[in-house]
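Reviewing the structure listed below.
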Amino acid sequence: MNKHRWLGTMFVIAAVCASALAWAAAPKGKPAAAGGDKAAKVQRGEYLVHIMGCGDCHTPGTLYGAPDTDRKLSGSELGWKGPWGISFARNLTPDAETGIGYYSEDEIVQSFRTGMKPNGTPMLPPMPWPNLAAATDEDLHAIAAYLLSVKPVKHAVPENVPPGGSWAGPVIEIPAPPAWDAPRTPAADSH
Ligand code: HEC
């Protein structure tokens, strides 16, 4: 290959690479109307919260077959009792004092990833955070954006009770497991 042909070939290769890079960097899909992306994100979050059953525990009445849509996701006073003590499904509406309105979308996403509540304490059972931790960033942001968009409801759920403590209200107690459900130890597995 003479010098000029070689330079010409390199130029063509460079041009192809540059246009491929420009194509890759260009925004995909049609440009959304102002606010359209945000609306679609919140709608996706609403869908995920619905199909993942967050309201089962977090919307009053749901476990009794009558979800109160007017107080959607505002937390419950039904206690969940187990070796962790007694926990209560918290107020997920954006009320700044009693809900999660004080936190940013990023802080809420981080809590799903790590299993630590946005205030830095562990998310006790039966909050199914390990399932959420496996979701994509996009889905977790959609969930957090949706939670921050619902009607704020002022409702302070009871404080968690440490193991051994008591609570005057109703509790669902997770009993000692039957043999089939008992956590397996490595020794039991090896037989
Ligand atoms: C089986 C019941 C149950 C389900 C289902 C459930 N949660 Fe929870 N959630 C809880 C409980 C109980 C707590 C409180 C844990 C604690 O205080 O340590 C909690 C806490 C939280 C918190 C922390 C709030 C705060 O004030 O720090 C967030 C956020 C949350 N849940 C979001 C969700 C989302 C989103 C879903 C659906 C994907 C969901 N939860 C499904 C029971 C549940």
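Each chain in the structure tokens gets a letter, A, B, ..., in the order shown, and its residues are numbered from 1; ligands are numbered from 1 in order too.
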
Backbone-only DSSP, alpha helix (DSSP H) members of region 23-176 of chain A, as a PyMOL selection string | chain A and resi 23-25+36-51+54-58+105-114+129-133+137-147

Selection as number ranges by chain: residues within 6 Å of ligand 1 by only C-alpha atoms and all ligand atoms = A: 49, 52-54, 56-57, 87-90, 100, 117-118, 122-128

What's the 10 Å shell around Asp95 (chain A), counting only C-alpha atoms, without same-chain residues fewer than 2 positions away, as a list in words?
-> Ser74, Asn91, Leu92, Thr93, Glu97, Thr98, Gly99, Ile100, Gly101, Tyr102, Leu148, Val150, Lys151, Pro152, Val153, Lys154, His155 and Ala156 of chain A

Can you pull out every residue within 9 Å of Ile108 (chain A), counting only C-alpha atoms, but drop anything in the same chain fewer than 3 positions away, and send it as number ranges by chain?
-> A: 100, 103-105, 111-113, 117-118, 140-141, 144

Could you write out the selected residues, including C-alpha atoms, as a tab-separated table (two decimals), in the first residue's frame?
```tsv
chain	number	residue	atom	x	y	z
A	100	ILE	CA	-40.64	10.57	53.63
A	103	TYR	CA	-35.74	12.91	51.94
A	104	SER	CA	-34.51	13.30	48.37
A	105	GLU	CA	-35.25	10.84	45.58
A	111	SER	CA	-32.35	3.04	51.15
A	112	PHE	CA	-33.76	0.38	48.78
A	113	ARG	CA	-30.26	-0.58	47.67
A	117	LYS	CA	-33.90	3.54	56.09
A	118	PRO	CA	-33.13	7.04	54.87
A	140	LEU	CA	-35.94	2.44	41.83
A	141	HIS	CA	-35.87	6.11	40.79
A	144	ALA	CA	-39.06	6.99	44.65
```

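If only C-alpha atoms are the atoms counted, then among A:Ile143, A:Ser76, A:Val171, A:Asn131 the closest residue to Val109 (chain A) is A:Ile143.
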